[in-house]
Amino acid sequence: MQAYLLDFANFMMRWLHVIAAIAWIGESIYFVMLDNGLKPPKEESCRKKGVFGEMWAVHGGGFYHNQKYATSPEKLPDDLHWSFWKSYATWLSGFALFVMLYMANPSFYLVDPNSNWQWAAEMSGWQANVLALLFLVAGWVVYNELCKRISPDMQRDGLLSVAVAVMMVVVAYLSTQLFAGRAAFLLTGAVMATAMSANVFFWIIPGQRRMVAAMKAGEAPNPLDGKRGKQRSVHNTYFTLPVVLLMISNHYSFAYSHEHAWVIMSLFIFAGALIRQFFVLMHSGSIKPAYPAAGVALIALAFWVGAPAGSSGQNRDSADAGPSIDEIHEIVETRCTACHAKEPSQEGFNSPPAGIAYDSADQVLSQREQIQQVVASGYMPLGNMTEMTDEEREAIAAWSE
């Protein structure tokens, strides 16, 4: 019953997280489209009122007229709409999921016993939890300091973008050295998502509140507040697609179990940013197909880097054909079915992970390539909790059709 309750809570929290993320990202994409698609107002009366740009749109059987003011409007309404709770709900629900799934079983999900850094491979569960929290906090602190020191007045945002890109490559590399592969991808995405939500909490909303307070007091708002908010909003825009991809990556072991997982991750991050740039420019009326083409090229490069090597069982003669399916099934049954069974015996599992069970030889055979991939990389069994030997890994690697 405990495992069932945990699964159900995870299910409901994941539902909340996805809904909040859709609402936040959808609103962000809409406002980027709106901001970049504004046209100078045609009516002189609008220009006199300080209207910077406007857009007419039709949706759901109605017509909409959006206007953006370059300066303070004549009067601010009392029911001014603020956009921040979607951001907070997305981060809080995502962090709750991380606690429920990863921090509740850190030795199982966070610690990588095959890490090249011995101390990381030998971390205890509580040490892994502390390190994961510090990783998230450090990611925000470093990113925030880069913004404040490189482009405090928003005059060197190009250089800042390069610095943030380099930072994300470093984050990708460190995460894959410190944590198990699936957690590494998730934590890298969480570093970006934390920066996004913290941008809203510490910079965008406080700056907007100061601007509104100044307007209501009849004072001119500080232009730096608007510029800082715009800077952080732009960063959030380019983080969006990479974060979504990293958050769904835990289903695809070819990426996070690869020895060059940090390279694959970095390529995906840059591909997402380039594809997002195409849509940002498109909303401004500029079509630049080179951006999505470059993004697709990076995805193709990630595919090439992550492609599995040829089966070690190929080109063997009949006298050395590798282990039989019965021998492989015996290994899998001993080392894998504690979790991957119709009725798992491992505590905390109500059903087999990802619905993959190895109760029969036919089920094992149907997952041959996936088993070889995650076992040869050392990712599975998680934390090597069932103590799979090197000889057993070699047998699975030599298994051929």
# chains A, B, ... in the order shown; residues from 1 in each chain; ligands from 1
call {"tool": "closest_atom_pairs", "arguments": {"of": "stretch 159-263 of chain A", "to": "stretch 15-25 of chain A", "cutoff": "9 Å", "atoms": "only C-alpha atoms", "output": "JSON lines"}}
result
{"residue": "A:Thr237", "atom": "CA", "partner": "A:Ile25", "partner_atom": "CA", "distance": 8.7}
{"residue": "A:Thr240", "atom": "CA", "partner": "A:Ile25", "partner_atom": "CA", "distance": 7.1}
{"residue": "A:Val244", "atom": "CA", "partner": "A:Ala21", "partner_atom": "CA", "distance": 9.0}
call {"tool": "closest_residue", "arguments": {"among": "A:Lys288, A:Lys216, A:Arg14, A:Lys230", "to": "A:Asp35", "atoms": "only C-alpha atoms"}}
result
A:Lys230
call {"tool": "select_by_dssp", "arguments": {"residues": "stretch 8-166 of chain A", "states": "alpha helix (DSSP H)", "output": "number ranges by chain"}}
result
A: 8-37, 44-48, 85-98, 106-109, 118-121, 125-150, 157-166
call {"tool": "atom_distance", "arguments": {"atom1": "atom CA of A:Tyr102", "atom2": "atom CA of A:Ala183"}}
result
7.7 Å
call {"tool": "closest_residue", "arguments": {"among": "A:Phe185, A:Phe201, A:Phe278, A:Trp399", "to": "A:Ala294", "atoms": "only C-alpha atoms"}}
result
A:Phe278
call {"tool": "closest_residue", "arguments": {"among": "A:Val375, A:Ser107, A:Pro381, A:Asp78", "to": "A:Ala338", "atoms": "only C-alpha atoms"}}
result
A:Pro381
call {"tool": "residues_around", "arguments": {"residues": "stretch 191-200 of chain A", "least_positions_apart": "6", "cutoff": "9 Å", "atoms": "only C-alpha atoms", "output": "count of residues only"}}
result
28
call {"tool": "residues_around", "arguments": {"residues": "A:Val169", "least_positions_apart": "5", "cutoff": "9 Å", "atoms": "only C-alpha atoms", "output": "PyMOL selection string"}}
result
chain A and resi 164+174+262-263+265-266+269
call {"tool": "closest_atom_pairs", "arguments": {"of": "stretch 197-259 of chain A", "to": "stretch 110-123 of chain A", "cutoff": "12 Å", "atoms": "only C-alpha atoms", "output": "tab-separated table"}}
result
residue	atom	partner	partner_atom	distance
A:Tyr256	CA	A:Asp112	CA	11.8
A:Ser257	CA	A:Asp112	CA	10.8
A:Glu259	CA	A:Ser115	CA	10.3
call {"tool": "closest_residue", "arguments": {"among": "A:Trp82, A:Gly37, A:Ile331, A:Pro106", "to": "A:Ile205", "atoms": "only C-alpha atoms"}}
result
A:Trp82
call {"tool": "closest_residue", "arguments": {"among": "A:Leu134, A:Val364, A:Val234, A:Cys339", "to": "A:Pro352", "atoms": "only C-alpha atoms"}}
result
A:Cys339
call {"tool": "residues_around", "arguments": {"residues": "A:Trp304", "least_positions_apart": "4", "cutoff": "12 Å", "atoms": "only C-alpha atoms", "output": "mmCIF file with C-alpha atoms, in the first residue's frame"}}
result
data_model
loop_
_atom_site.group_PDB
_atom_site.id
_atom_site.type_symbol
_atom_site.label_atom_id
_atom_site.label_comp_id
_atom_site.auth_asym_id
_atom_site.auth_seq_id
_atom_site.Cartn_x
_atom_site.Cartn_y
_atom_site.Cartn_z
ATOM 1 C CA PHE A 254 20.611 6.142 -24.900
ATOM 2 C CA ALA A 255 21.256 9.780 -23.935
ATOM 3 C CA HIS A 258 26.289 7.272 -22.819
ATOM 4 C CA HIS A 260 29.639 11.326 -23.548
ATOM 5 C CA VAL A 263 28.119 16.315 -24.955
ATOM 6 C CA ILE A 264 24.723 14.978 -26.034
ATOM 7 C CA LEU A 267 24.015 19.706 -28.125
ATOM 8 C CA ALA A 297 22.171 19.774 -37.421
ATOM 9 C CA LEU A 298 23.037 19.748 -33.713
ATOM 10 C CA ILE A 299 20.288 17.191 -33.072
ATOM 11 C CA ALA A 300 21.716 15.053 -35.889
ATOM 12 C CA PRO A 308 25.395 2.501 -30.222
ATOM 13 C CA ALA A 309 28.483 0.739 -31.508
#
call {"tool": "closest_residue", "arguments": {"among": "A:Gly50, A:Gly94, A:Gly181, A:Pro77", "to": "A:Val212", "atoms": "only C-alpha atoms"}}
result
A:Pro77
call {"tool": "residues_around", "arguments": {"residues": "stretch 30-34 of chain A", "least_positions_apart": "3", "cutoff": "8 Å", "atoms": "only C-alpha atoms", "output": "PyMOL selection string"}}
result
chain A and resi 26-27+37-38+55+237+280+283-284
call {"tool": "atom_distance", "arguments": {"atom1": "atom CA of A:Ser72", "atom2": "atom CA of A:Tyr238"}}
result
28.4 Å
call {"tool": "decode", "arguments": {"residues": "stretch 117-162 of chain A", "atoms": "N, CA and C atoms", "output": "short mmCIF file (atom, residue, chain, number, x, y, z; two decimals), in the first residue's frame"}}
result
data_model
loop_
_atom_site.label_atom_id
_atom_site.label_comp_id
_atom_site.auth_asym_id
_atom_site.auth_seq_id
_atom_site.Cartn_x
_atom_site.Cartn_y
_atom_site.Cartn_z
N TRP A 117 34.83 9.98 -10.69
CA TRP A 117 35.31 10.61 -9.46
C TRP A 117 34.94 9.70 -8.30
N GLN A 118 35.95 9.10 -7.69
CA GLN A 118 35.71 8.06 -6.69
C GLN A 118 34.84 8.54 -5.54
N TRP A 119 35.10 9.76 -5.07
CA TRP A 119 34.32 10.26 -3.93
C TRP A 119 32.85 10.40 -4.28
N ALA A 120 32.55 10.73 -5.56
CA ALA A 120 31.15 10.83 -5.99
C ALA A 120 30.52 9.44 -6.05
N ALA A 121 31.31 8.44 -6.47
CA ALA A 121 30.80 7.08 -6.56
C ALA A 121 30.53 6.49 -5.19
N GLU A 122 31.21 7.00 -4.17
CA GLU A 122 31.09 6.44 -2.82
C GLU A 122 30.23 7.30 -1.89
N MET A 123 29.52 8.27 -2.43
CA MET A 123 28.67 9.12 -1.59
C MET A 123 27.57 8.30 -0.92
N SER A 124 27.23 8.72 0.29
CA SER A 124 26.06 8.15 0.95
C SER A 124 24.82 8.85 0.43
N GLY A 125 23.65 8.34 0.79
CA GLY A 125 22.41 8.94 0.31
C GLY A 125 22.23 10.37 0.75
N TRP A 126 22.47 10.66 2.04
CA TRP A 126 22.27 12.03 2.52
C TRP A 126 23.27 12.98 1.90
N GLN A 127 24.49 12.50 1.64
CA GLN A 127 25.48 13.36 0.98
C GLN A 127 25.04 13.71 -0.44
N ALA A 128 24.48 12.72 -1.14
CA ALA A 128 23.99 12.97 -2.50
C ALA A 128 22.84 13.98 -2.49
N ASN A 129 21.96 13.88 -1.50
CA ASN A 129 20.86 14.84 -1.39
C ASN A 129 21.37 16.25 -1.16
N VAL A 130 22.33 16.39 -0.25
CA VAL A 130 22.90 17.72 0.04
C VAL A 130 23.59 18.27 -1.20
N LEU A 131 24.34 17.41 -1.88
CA LEU A 131 25.04 17.86 -3.08
C LEU A 131 24.07 18.31 -4.17
N ALA A 132 22.96 17.58 -4.32
CA ALA A 132 21.97 17.96 -5.33
C ALA A 132 21.37 19.33 -5.03
N LEU A 133 21.06 19.58 -3.75
CA LEU A 133 20.52 20.90 -3.37
C LEU A 133 21.54 22.00 -3.59
N LEU A 134 22.79 21.73 -3.21
CA LEU A 134 23.85 22.72 -3.43
C LEU A 134 24.06 22.98 -4.91
N PHE A 135 23.91 21.94 -5.72
CA PHE A 135 24.07 22.07 -7.17
C PHE A 135 23.04 23.05 -7.73
N LEU A 136 21.79 22.92 -7.28
CA LEU A 136 20.73 23.83 -7.74
C LEU A 136 20.99 25.26 -7.29
N VAL A 137 21.36 25.42 -6.02
CA VAL A 137 21.62 26.77 -5.49
C VAL A 137 22.82 27.40 -6.18
N ALA A 138 23.89 26.62 -6.34
CA ALA A 138 25.10 27.15 -6.98
C ALA A 138 24.83 27.55 -8.42
N GLY A 139 23.98 26.77 -9.11
CA GLY A 139 23.64 27.11 -10.50
C GLY A 139 23.00 28.49 -10.59
N TRP A 140 22.04 28.76 -9.67
CA TRP A 140 21.39 30.07 -9.68
C TRP A 140 22.37 31.17 -9.30
N VAL A 141 23.19 30.95 -8.29
CA VAL A 141 24.12 31.98 -7.82
C VAL A 141 25.10 32.35 -8.92
N VAL A 142 25.68 31.34 -9.58
CA VAL A 142 26.65 31.62 -10.64
C VAL A 142 25.98 32.36 -11.80
N TYR A 143 24.83 31.87 -12.22
CA TYR A 143 24.11 32.53 -13.32
C TYR A 143 23.77 33.98 -12.96
N ASN A 144 23.27 34.20 -11.77
CA ASN A 144 22.87 35.54 -11.35
C ASN A 144 24.08 36.48 -11.29
N GLU A 145 25.20 35.96 -10.80
CA GLU A 145 26.41 36.79 -10.73
C GLU A 145 26.93 37.12 -12.12
N LEU A 146 26.83 36.19 -13.05
CA LEU A 146 27.24 36.48 -14.43
C LEU A 146 26.42 37.64 -14.99
N CYS A 147 25.10 37.61 -14.75
CA CYS A 147 24.23 38.67 -15.24
C CYS A 147 24.60 40.02 -14.61
N LYS A 148 24.85 40.01 -13.31
CA LYS A 148 25.12 41.27 -12.59
C LYS A 148 26.49 41.84 -12.92
N ARG A 149 27.46 40.99 -13.18
CA ARG A 149 28.83 41.48 -13.38
C ARG A 149 29.17 41.75 -14.85
N ILE A 150 28.65 40.92 -15.74
CA ILE A 150 29.00 41.09 -17.15
C ILE A 150 28.16 42.17 -17.82
N SER A 151 26.85 42.19 -17.51
CA SER A 151 25.98 43.17 -18.16
C SER A 151 25.01 43.80 -17.17
N PRO A 152 25.54 44.55 -16.19
CA PRO A 152 24.67 45.14 -15.16
C PRO A 152 23.72 46.20 -15.72
N ASP A 153 24.14 46.88 -16.79
CA ASP A 153 23.30 47.91 -17.38
C ASP A 153 22.70 47.47 -18.71
N MET A 154 22.76 46.14 -18.96
CA MET A 154 22.18 45.54 -20.17
C MET A 154 22.82 46.05 -21.45
N GLN A 155 24.09 46.45 -21.38
CA GLN A 155 24.80 46.93 -22.55
C GLN A 155 25.69 45.86 -23.18
N ARG A 156 25.89 44.74 -22.46
CA ARG A 156 26.75 43.67 -23.00
C ARG A 156 26.03 42.33 -22.93
N ASP A 157 24.78 42.33 -23.36
CA ASP A 157 23.98 41.11 -23.28
C ASP A 157 24.48 40.03 -24.23
N GLY A 158 25.12 40.43 -25.33
CA GLY A 158 25.69 39.44 -26.25
C GLY A 158 26.79 38.63 -25.58
N LEU A 159 27.69 39.33 -24.90
CA LEU A 159 28.78 38.67 -24.17
C LEU A 159 28.20 37.82 -23.04
N LEU A 160 27.16 38.33 -22.38
CA LEU A 160 26.52 37.58 -21.31
C LEU A 160 25.93 36.27 -21.85
N SER A 161 25.34 36.31 -23.02
CA SER A 161 24.76 35.10 -23.61
C SER A 161 25.82 34.03 -23.82
N VAL A 162 27.00 34.45 -24.27
CA VAL A 162 28.10 33.50 -24.47
C VAL A 162 28.52 32.90 -23.13
#
